[in-house]
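Colleague: So that you have it, the file is upload-v9.csv, and it contains CSV, C-alpha atoms:
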chain,number,residue,atom,x,y,z
A,1412,MET,CA,-0.3,38.0,-26.4
A,1413,LEU,CA,-1.9,35.0,-28.1
A,1414,THR,CA,-5.5,34.5,-29.4
A,1415,LEU,CA,-6.8,31.1,-30.4
A,1416,ARG,CA,-9.5,30.9,-33.0
A,1417,PHE,CA,-11.5,27.8,-33.6
A,1418,ASP,CA,-14.0,27.1,-36.4
A,1419,MET,CA,-13.8,23.3,-36.1
A,1420,ARG,CA,-13.7,22.6,-39.9
A,1421,ALA,CA,-13.2,18.9,-40.3
A,1422,PRO,CA,-12.9,18.1,-44.1
A,1423,ALA,CA,-12.4,14.5,-45.1
A,1424,SER,CA,-8.7,15.3,-45.6
A,1425,GLY,CA,-8.2,16.3,-42.0
A,1426,ALA,CA,-8.8,14.9,-38.5
A,1427,PRO,CA,-12.3,13.8,-37.5
A,1428,SER,CA,-14.5,16.2,-35.5
A,1429,ARG,CA,-14.3,14.2,-32.3
A,1430,GLU,CA,-10.5,14.6,-32.2
A,1431,LEU,CA,-10.7,18.3,-33.1
A,1432,TYR,CA,-13.2,19.2,-30.4
A,1433,ALA,CA,-11.2,17.3,-27.7
A,1434,ALA,CA,-8.0,19.1,-28.9
A,1435,ALA,CA,-9.6,22.5,-28.8
A,1436,LEU,CA,-10.5,22.1,-25.1
A,1437,ASP,CA,-7.0,20.8,-24.3
A,1438,MET,CA,-5.4,23.7,-26.2
A,1439,CYS,CA,-7.4,26.3,-24.4
A,1440,ALA,CA,-6.6,24.9,-21.0
A,1441,TRP,CA,-2.9,24.7,-21.9
A,1442,ALA,CA,-2.6,28.0,-23.6
A,1443,GLU,CA,-4.2,30.2,-20.9
A,1444,THR,CA,-1.1,29.6,-18.8
A,1445,ARG,CA,1.2,30.4,-21.7
A,1446,GLY,CA,0.2,33.8,-22.9
A,1447,ALA,CA,-3.3,33.2,-24.4
A,1448,ILE,CA,-5.7,36.1,-23.8
A,1449,ALA,CA,-8.7,34.9,-25.6
A,1450,ALA,CA,-10.4,32.0,-27.6
A,1451,VAL,CA,-12.5,33.2,-30.5
A,1452,LEU,CA,-15.3,31.0,-31.9
A,1453,SER,CA,-17.1,31.5,-35.2
A,1454,GLU,CA,-20.4,30.1,-36.5
A,1455,HIS,CA,-21.7,28.6,-39.7
A,1456,HIS,CA,-24.4,26.1,-40.6
A,1457,GLY,CA,-24.9,23.2,-43.0
A,1458,THR,CA,-21.3,23.2,-44.3
A,1459,GLU,CA,-19.7,20.3,-46.0
A,1460,ASP,CA,-16.7,20.4,-43.6
A,1461,GLY,CA,-18.7,20.6,-40.3
A,1462,HIS,CA,-17.9,24.3,-39.4
A,1463,LEU,CA,-18.9,25.0,-35.8
A,1464,PRO,CA,-22.7,25.5,-35.7
A,1465,SER,CA,-23.1,25.9,-31.9
A,1466,PRO,CA,-20.5,28.3,-30.5
A,1467,LEU,CA,-22.3,28.8,-27.2
A,1468,LEU,CA,-22.0,25.1,-26.5
A,1469,LEU,CA,-18.3,25.0,-27.2
A,1470,ALA,CA,-17.8,28.2,-25.2
A,1471,ALA,CA,-19.4,26.4,-22.2
A,1472,ALA,CA,-17.0,23.5,-22.5
A,1473,ILE,CA,-14.0,25.9,-22.8
A,1474,ALA,CA,-15.2,27.9,-19.8
A,1475,ALA,CA,-15.4,24.7,-17.7
A,1476,ARG,CA,-11.8,23.8,-18.6
A,1477,THR,CA,-10.3,27.2,-18.0
A,1478,GLU,CA,-10.2,29.9,-15.3
A,1479,THR,CA,-9.2,33.2,-16.8
A,1480,LEU,CA,-9.3,32.8,-20.6
A,1481,ALA,CA,-11.7,35.3,-22.3
A,1482,ILE,CA,-14.0,33.7,-24.8
A,1483,MET,CA,-15.3,35.7,-27.8
A,1484,LEU,CA,-18.1,34.5,-30.0
A,1485,ALA,CA,-17.8,36.3,-33.3
A,1486,ALA,CA,-20.1,36.3,-34.9
A,1487,VAL,CA,-23.3,34.8,-33.5
A,1488,ILE,CA,-25.9,35.0,-36.2
A,1489,LEU,CA,-28.9,36.7,-34.5
A,1490,PRO,CA,-31.7,36.1,-37.0
A,1491,PHE,CA,-31.4,32.3,-36.6
A,1492,ARG,CA,-32.0,32.4,-32.8
A,1493,ASP,CA,-35.0,32.7,-30.5
A,1494,PRO,CA,-34.1,35.7,-28.3
A,1495,VAL,CA,-35.6,34.2,-25.2
A,1496,ARG,CA,-33.7,31.0,-25.3
A,1497,LEU,CA,-30.6,32.9,-26.4
A,1498,ALA,CA,-30.9,35.2,-23.3
A,1499,GLU,CA,-31.3,32.1,-21.1
A,1500,ASP,CA,-28.2,30.5,-22.6
A,1501,ILE,CA,-26.2,33.7,-22.2
A,1502,SER,CA,-27.2,34.1,-18.6
A,1503,VAL,CA,-26.2,30.5,-17.7
A,1504,LEU,CA,-22.9,30.8,-19.7
A,1505,ASP,CA,-22.2,34.1,-17.9
A,1506,ASN,CA,-22.5,32.5,-14.5
A,1507,LEU,CA,-20.6,29.4,-15.6
A,1508,SER,CA,-17.7,31.5,-16.9
A,1509,ASN,CA,-17.9,34.2,-14.2
A,1510,GLY,CA,-18.5,36.8,-16.9
A,1511,ARG,CA,-15.7,35.9,-19.3
A,1512,ILE,CA,-17.8,35.6,-22.5
A,1513,ALA,CA,-18.2,38.3,-25.1
A,1514,TYR,CA,-20.5,38.3,-28.1
A,1515,ALA,CA,-20.5,40.0,-31.5
A,1516,PHE,CA,-24.0,39.6,-33.1
A,1517,GLY,CA,-24.2,39.6,-36.9
A,1518,ILE,CA,-26.7,38.8,-39.6
A,1519,GLY,CA,-24.7,36.3,-41.7
A,1520,HIS,CA,-24.0,36.3,-45.4
A,1521,ARG,CA,-24.8,32.8,-46.7
A,1522,ALA,CA,-28.1,32.2,-48.5
A,1523,GLU,CA,-27.7,28.5,-47.8
A,1524,GLU,CA,-27.9,29.1,-44.1
A,1525,TYR,CA,-31.2,31.1,-44.4
A,1526,GLU,CA,-32.6,28.2,-46.4
A,1527,HIS,CA,-31.3,25.8,-43.7
A,1528,PHE,CA,-33.4,27.7,-41.1
A,1529,GLY,CA,-36.3,28.4,-43.3
A,1530,ILE,CA,-35.9,32.2,-43.0
A,1531,ASP,CA,-36.3,34.7,-45.8
A,1532,SER,CA,-32.9,36.4,-46.0
A,1533,ARG,CA,-34.5,39.6,-47.1
A,1534,THR,CA,-35.9,40.0,-43.6
A,1535,ARG,CA,-32.6,39.6,-41.8
A,1536,GLY,CA,-32.0,43.2,-40.9
A,1537,ARG,CA,-35.5,43.7,-39.5
A,1538,LEU,CA,-35.2,40.4,-37.6
A,1539,ALA,CA,-31.8,41.4,-36.2
A,1540,ASP,CA,-33.2,44.7,-35.0
A,1541,GLU,CA,-36.2,43.2,-33.3
A,1542,LYS,CA,-34.4,40.3,-31.7
A,1543,LEU,CA,-31.5,42.4,-30.4
A,1544,ALA,CA,-33.9,44.9,-28.8
A,1545,LEU,CA,-35.7,42.1,-26.9
A,1546,LEU,CA,-32.5,40.2,-26.1
A,1547,LEU,CA,-30.9,43.3,-24.5
A,1548,GLY,CA,-34.0,43.9,-22.4
A,1549,LEU,CA,-34.1,40.3,-21.2
A,1550,LEU,CA,-30.4,40.4,-20.2
A,1551,ARG,CA,-31.1,43.1,-17.7
A,1552,GLY,CA,-32.6,40.5,-15.4
A,1553,GLU,CA,-36.0,42.1,-15.0
A,1554,PRO,CA,-39.4,40.9,-16.2
A,1555,VAL,CA,-40.2,42.1,-19.7
A,1556,GLN,CA,-43.7,42.5,-21.3
A,1557,HIS,CA,-43.5,41.5,-24.9
A,1558,GLN,CA,-46.4,40.9,-27.3
A,1559,GLY,CA,-48.8,40.5,-24.4
A,1560,ARG,CA,-46.7,38.0,-22.5
A,1561,ARG,CA,-44.5,38.3,-19.4
A,1562,ILE,CA,-40.9,37.0,-19.9
A,1563,HIS,CA,-38.4,36.8,-17.1
A,1564,VAL,CA,-34.9,35.3,-17.8
A,1565,THR,CA,-33.1,33.9,-14.9
A,1566,PRO,CA,-30.5,33.5,-13.4
A,1567,ALA,CA,-29.3,37.1,-13.7
A,1568,CYS,CA,-26.0,37.5,-15.4
A,1569,VAL,CA,-22.9,38.1,-13.3
A,1570,GLY,CA,-22.6,41.6,-14.7
A,1571,ARG,CA,-23.5,43.3,-18.0
A,1572,PRO,CA,-22.6,40.9,-20.8
A,1573,HIS,CA,-20.0,42.1,-23.2
A,1574,ILE,CA,-21.9,42.6,-26.5
A,1575,MET,CA,-21.0,44.2,-29.8
A,1576,VAL,CA,-22.6,44.3,-33.3
A,1577,ALA,CA,-20.6,42.6,-36.0
A,1578,GLY,CA,-20.6,44.0,-39.5
A,1579,ALA,CA,-18.9,46.5,-41.8
A,1580,SER,CA,-22.0,48.2,-43.2
A,1581,ARG,CA,-23.9,51.4,-42.3
A,1582,ALA,CA,-26.8,49.2,-41.2
A,1583,ALA,CA,-24.6,47.5,-38.7
A,1584,ALA,CA,-23.2,50.8,-37.5
A,1585,ARG,CA,-26.7,52.2,-37.1
A,1586,ARG,CA,-27.8,49.0,-35.2
A,1587,ALA,CA,-24.8,49.3,-32.8
A,1588,ALA,CA,-25.3,53.0,-32.2
A,1589,ARG,CA,-29.1,52.6,-31.6
A,1590,HIS,CA,-28.5,50.1,-28.8
A,1591,GLY,CA,-25.4,51.7,-27.3
A,1592,LEU,CA,-23.1,48.9,-28.4
A,1593,GLY,CA,-19.6,48.7,-29.9
A,1594,LEU,CA,-18.9,47.7,-33.5
A,1595,LEU,CA,-16.7,44.8,-34.7
A,1596,ALA,CA,-15.8,44.9,-38.4
A,1597,GLN,CA,-13.9,42.6,-40.7
A,1598,ALA,CA,-13.5,45.3,-43.2
A,1599,ASN,CA,-12.8,49.1,-43.0
A,1600,PRO,CA,-14.9,50.9,-45.6
A,1601,PRO,CA,-14.0,54.6,-45.9
A,1602,GLY,CA,-16.1,56.8,-43.6
A,1603,LEU,CA,-17.7,54.0,-41.6
A,1604,LYS,CA,-16.0,54.9,-38.3
A,1605,ASP,CA,-17.1,58.5,-38.6
A,1606,PHE,CA,-20.6,57.4,-39.5
A,1607,TYR,CA,-20.8,55.2,-36.4
A,1608,ASP,CA,-19.5,58.0,-34.2
A,1609,ALA,CA,-22.1,60.4,-35.6
A,1610,GLN,CA,-24.9,57.8,-35.2
A,1611,CYS,CA,-23.9,57.3,-31.5
A,1612,ARG,CA,-24.0,61.0,-30.8
A,1613,ALA,CA,-27.3,61.3,-32.6
A,1614,HIS,CA,-28.7,58.9,-30.1
A,1615,GLY,CA,-27.2,60.9,-27.2
A,1616,ARG,CA,-24.3,58.5,-26.5
A,1617,GLU,CA,-20.6,58.6,-26.7
A,1618,PRO,CA,-19.2,56.2,-29.3
A,1619,GLY,CA,-18.6,52.7,-28.0
A,1620,PRO,CA,-15.5,50.5,-28.6
A,1621,CYS,CA,-14.8,49.8,-32.3
A,1622,GLN,CA,-12.5,47.2,-33.7
A,1623,PHE,CA,-11.5,47.8,-37.3
A,1624,PRO,CA,-8.9,45.5,-39.0
A,1625,ASP,CA,-5.4,46.4,-40.0
A,1626,ALA,CA,-5.3,45.6,-43.7
A,1627,ASP,CA,-1.6,44.5,-43.4
A,1628,ALA,CA,-2.0,42.3,-40.4
A,1629,PRO,CA,-2.4,38.5,-40.7
A,1630,THR,CA,-5.4,36.8,-39.2
A,1631,THR,CA,-4.0,33.2,-39.1
A,1632,VAL,CA,-0.5,32.7,-37.9
A,1633,PHE,CA,1.6,29.6,-37.3
A,1634,VAL,CA,5.0,29.8,-35.6
A,1635,THR,CA,7.8,27.4,-36.5
A,1636,ASP,CA,11.5,26.8,-36.6
A,1637,ASP,CA,11.5,25.7,-40.2
A,1638,VAL,CA,9.2,27.8,-42.5
A,1639,ASP,CA,9.8,25.7,-45.7
A,1640,ARG,CA,8.9,22.4,-43.9
A,1641,ALA,CA,5.9,24.1,-42.2
A,1642,TRP,CA,4.5,25.2,-45.6
A,1643,ASP,CA,4.9,21.7,-46.9
A,1644,GLU,CA,3.0,20.3,-43.9
A,1645,LEU,CA,0.4,23.0,-43.3
A,1646,GLY,CA,-0.2,24.2,-46.9
A,1647,PRO,CA,-3.1,21.9,-47.8
A,1648,TYR,CA,-4.9,22.6,-44.6
A,1649,LEU,CA,-4.5,26.4,-44.9
A,1650,LEU,CA,-5.6,26.2,-48.6
A,1651,HIS,CA,-8.8,24.3,-47.7
A,1652,ASP,CA,-9.6,27.0,-45.1
A,1653,ALA,CA,-8.8,29.8,-47.6
A,1654,VAL,CA,-10.8,28.4,-50.5
A,1655,THR,CA,-13.8,27.5,-48.4
A,1656,ALA,CA,-13.9,30.8,-46.6
A,1657,ALA,CA,-13.6,32.7,-49.9
A,1658,ALA,CA,-16.5,30.6,-51.3
A,1659,TYR,CA,-18.7,32.0,-48.6
A,1660,ARG,CA,-18.1,35.5,-49.9
A,1661,HIS,CA,-19.5,36.0,-53.3
A,1662,ASP,CA,-18.8,39.7,-53.6
A,1663,ASP,CA,-15.5,41.5,-53.7
A,1664,ALA,CA,-15.8,43.1,-50.2
A,1665,PRO,CA,-12.3,43.6,-48.8
A,1666,VAL,CA,-12.6,41.3,-45.8
A,1667,VAL,CA,-9.2,41.0,-44.3
A,1668,SER,CA,-9.5,37.4,-43.3
A,1669,ILE,CA,-10.3,36.3,-46.9
A,1670,SER,CA,-7.7,35.2,-49.4
A,1671,ARG,CA,-8.5,34.5,-53.1
A,1672,ALA,CA,-5.5,32.2,-53.5
A,1673,THR,CA,-6.1,29.0,-55.3
A,1674,SER,CA,-2.9,27.1,-54.6
A,1675,VAL,CA,-0.5,26.7,-51.7
A,1676,ALA,CA,2.2,28.5,-53.7
A,1677,GLU,CA,0.0,31.5,-54.3
A,1678,LEU,CA,-1.1,31.5,-50.6
A,1679,ARG,CA,2.5,31.6,-49.5
A,1680,GLU,CA,3.7,34.1,-52.1
A,1681,THR,CA,1.0,36.7,-51.6
A,1682,PRO,CA,1.2,38.3,-48.1
A,1683,GLY,CA,-2.3,38.1,-46.7
A,1684,PRO,CA,-4.3,36.6,-43.9
A,1685,TYR,CA,-2.3,33.4,-43.7
A,1686,ARG,CA,1.3,33.6,-42.5
A,1687,ILE,CA,3.9,31.1,-41.2
A,1688,VAL,CA,6.6,32.9,-39.3
A,1689,THR,CA,9.8,32.0,-37.4
A,1690,VAL,CA,10.0,32.2,-33.6
A,1691,ASP,CA,12.2,35.3,-34.0
A,1692,ASP,CA,9.6,37.0,-36.2
A,1693,ALA,CA,6.9,36.1,-33.7
A,1694,VAL,CA,8.9,37.6,-30.9
A,1695,ALA,CA,9.4,40.8,-32.9
A,1696,GLN,CA,5.6,41.0,-33.6
A,1697,LEU,CA,4.8,40.5,-29.9
A,1698,ARG,CA,7.4,43.1,-28.8
A,1699,SER,CA,5.8,45.6,-31.3
A,1700,GLY,CA,2.6,45.4,-29.3
A,1701,ARG,CA,0.7,43.1,-31.7
A,1702,SER,CA,-0.7,39.8,-30.7
A,1703,LEU,CA,-0.4,36.4,-32.5
A,1704,PRO,CA,-3.7,35.3,-34.0
A,1705,LEU,CA,-3.5,31.5,-34.1
A,1706,LEU,CA,-5.9,29.1,-35.8
A,1707,PRO,CA,-4.3,26.0,-34.5
A,1708,LEU,CA,-6.7,23.4,-36.0
A,1709,CYS,CA,-7.0,25.3,-39.3
A,1710,GLY,CA,-8.6,23.2,-42.1
A,1711,GLY,CA,-8.9,20.2,-39.8
A,1712,LEU,CA,-5.2,20.0,-39.1
A,1713,PRO,CA,-4.6,16.9,-37.0
A,1714,PRO,CA,-3.8,17.8,-33.4
A,1715,VAL,CA,-0.6,15.8,-33.4
A,1716,LEU,CA,0.7,18.1,-36.1
A,1717,ALA,CA,-0.8,21.2,-34.5
A,1718,TRP,CA,0.7,21.0,-31.1
A,1719,PRO,CA,4.4,21.8,-32.1
A,1720,TYR,CA,3.3,25.1,-33.7
A,1721,LEU,CA,1.4,26.1,-30.5
A,1722,GLU,CA,4.5,25.3,-28.5
A,1723,HIS,CA,6.7,27.5,-30.7
A,1724,ALA,CA,4.1,30.3,-30.3
A,1725,ALA,CA,4.3,29.9,-26.5
A,1726,ALA,CA,8.1,30.0,-26.7
A,1727,ALA,CA,7.9,33.2,-28.6
A,1728,VAL,CA,5.6,34.7,-25.9
A,1729,ALA,CA,8.1,33.7,-23.2
A,1730,ARG,CA,11.0,35.2,-25.1
A,1731,SER,CA,9.2,38.4,-25.8
A,1732,THR,CA,8.7,39.1,-22.1
A,1733,GLU,CA,12.3,38.3,-21.0
A,1734,GLY,CA,13.7,41.2,-19.1
A,1735,THR,CA,10.3,42.9,-18.6
A,1736,ARG,CA,9.2,41.1,-15.5
If you took the structure in this file and wrote it as structure tokens, what would it be?

Modeller:
Amino acid sequence: MLTLRFDMRAPASGAPSRELYAAALDMCAWAETRGAIAAVLSEHHGTEDGHLPSPLLLAAAIAARTETLAIMLAAVILPFRDPVRLAEDISVLDNLSNGRIAYAFGIGHRAEEYEHFGIDSRTRGRLADEKLALLLGLLRGEPVQHQGRRIHVTPACVGRPHIMVAGASRAAARRAARHGLGLLAQANPPGLKDFYDAQCRAHGREPGPCQFPDADAPTTVFVTDDVDRAWDELGPYLLHDAVTAAAYRHDDAPVVSISRATSVAELRETPGPYRIVTVDDAVAQLRSGRSLPLLPLCGGLPPVLAWPYLEHAAAAVARSTEGTR
């Protein structure tokens, strides 16, 4: 019913990181008993506003505070990681969470981050292919011979970790198909789904799960009993998130979570990824079979301001299920 996304942005205009991290844990523990089905964590590095650089660490903390909540890391930037250490972290996290963690591995899109890690961005596709192949082998729990050395990652995972490839390019679709993985895309270019299906069958596999965005669906929702007041309160935080996220994308790729708005008024007037809705509207959305994608600490929103919107969203979930139990 509800998904909670956290990127942990903490601009100077918002709450400090220490408050936001503590609140994220509290929110996940609270929300899993009120209709939340997943927490989604993103990753960026070297940002001015402290965007979450270590999603696996935050996932471990969330897993320790929750019992059933699924946790999705989307996207983990594979070229930046050593696959052996990553496999070890995944195996420990899988045991800690009893198999509740899912991963979407991408290659990133910010040149600044490749500079941050001292990696040539022109090699990112090759690095992703090489590291993904080794990572998947290591996660099977058996010793692997690689470049003349024996590698054995323990403890074994609870089950087969839930892994997809993130991306909306043919290269991402080929990578996913080659390794028998699903595809998670933030855009829906014409023909990409058919291309992915054909690549899977060319490798002798049935197509895996695919998630393509609905161009008309929001990606950041707040629920309120007073929309005008909410825009006054939330607008600056949503705008920071929108402007910063758009600055990471220097092309015109139609990524559904990106808005090119430059003012709060424009963000509100142009239906797009950021929406503030009434409880009645949220109930209608839930009853139509769609979930509410919440970004409760958007733009460093202070937790004291964020909690009432979460409570309204939980109230919408409760109302949406009345008479169905």

Colleague: Restricting the calculation to all atoms listed in the file: of A:Ala1567, A:Leu1497, A:Ala1598, A:Ala1657, which residue gets closest to Thr1673 in chain A?

Modeller: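 Comparing A:Ala1567, A:Leu1497, A:Ala1598, A:Ala1657 against Thr1673 in chain A, the winner is A:Ala1657.
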
Colleague: Report as a PyMOL selection string all protein, DNA and RNA residues lying within 9 Å of Leu1469 in chain A, evaluated on only C-alpha atoms, omitting residues in the same chain fewer than 5 positions from it.

Modeller: chain A and resi 1432+1436+1452+1463+1474

Colleague: Between A:Arg1571, A:Leu1413, A:Arg1612, A:Ala1433, which one has atoms that come closest to Val1694 in chain A, using all atoms listed in the file?

Modeller: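 Checking each candidate against Val1694 in chain A, we get A:Leu1413 as the closest.
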
Colleague: Any idea what's packed within 9 Å of Leu1415 in chain A, counting all atoms listed in the file, ignoring anything in its chain fewer than 3 positions away? Could you give it as a PDB file with C-alpha atoms, keeping the file's coordinate frame?

Modeller:
ATOM      1  CA  MET A1438      -5.400  23.700 -26.200  1.00  0.00           C
ATOM      2  CA  CYS A1439      -7.400  26.300 -24.400  1.00  0.00           C
ATOM      3  CA  ALA A1442      -2.600  28.000 -23.600  1.00  0.00           C
ATOM      4  CA  ALA A1447      -3.300  33.200 -24.400  1.00  0.00           C
ATOM      5  CA  ILE A1448      -5.700  36.100 -23.800  1.00  0.00           C
ATOM      6  CA  ALA A1449      -8.700  34.900 -25.600  1.00  0.00           C
ATOM      7  CA  ALA A1450     -10.400  32.000 -27.600  1.00  0.00           C
ATOM      8  CA  VAL A1451     -12.500  33.200 -30.500  1.00  0.00           C
ATOM      9  CA  LEU A1452     -15.300  31.000 -31.900  1.00  0.00           C
ATOM     10  CA  LEU A1703      -0.400  36.400 -32.500  1.00  0.00           C
ATOM     11  CA  PRO A1704      -3.700  35.300 -34.000  1.00  0.00           C
ATOM     12  CA  LEU A1705      -3.500  31.500 -34.100  1.00  0.00           C
ATOM     13  CA  LEU A1706      -5.900  29.100 -35.800  1.00  0.00           C
ATOM     14  CA  PRO A1707      -4.300  26.000 -34.500  1.00  0.00           C
TER      15      PRO A1707
END

Colleague: Just want the 7 Å neighbourhood of range 1717-1725 of chain A, counted on all atoms listed in the file, with same-chain residues fewer than 5 positions away dropped. Output as a VMD selection string.

Modeller: chain A and resid 1445 to 1446 1633 to 1635 1690 1707 to 1708 1712

Colleague: From the options A:Leu1484, A:Ala1544, A:Leu1549, A:Leu1538, which residue's atoms come nearest to His1573 in chain A, counting only C-alpha atoms?

Modeller: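 Using only C-alpha atoms, His1573 in chain A sits closest to A:Leu1484.
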
Colleague: Anything within 9 Å of (-16.8, 27.4, -22.4): list those residues as a list in words, counting all atoms listed in the file and sticking to the file's coordinates.

Modeller: Leu1436, Pro1466, Leu1467, Leu1468, Leu1469, Ala1470, Ala1471, Ala1472, Ile1473, Ala1474, Ala1475, Arg1476, Thr1477, Ile1482, Leu1504, Leu1507, Ser1508 and Ile1512 of chain A

Colleague: I'd like the contact shell of range 1679-1683 of chain A - 10 Å cut-off, only C-alpha atoms, skipping same-chain residues fewer than 2 positions apart - returned as a ChimeraX atom specification.

Modeller: /A:1626-1631,1642,1646,1649-1650,1667-1672,1674-1677,1685-1687

Colleague: May I ask for the distance between CA of Pro1494 in chain A and CA of Leu1543 in chain A, given in Å to one decimal place?

Modeller: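 So the answer is 7.5 Å.
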
Colleague: Determine, counting all atoms listed in the file, which protein, DNA and RNA residues have an atom within 12 Å of an atom of Phe1491 in chain A; residues of the same chain fewer than 3 positions away are not included. Present the result as a count of residues only.

Modeller: 30

Colleague: Could you state the separation of CA of Leu1480 in chain A and CA of Glu1443 in chain A in Å, given to one decimal place?

Modeller: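 According to the coordinates, CA of Leu1480 in chain A and CA of Glu1443 in chain A are separated by 5.7 Å.
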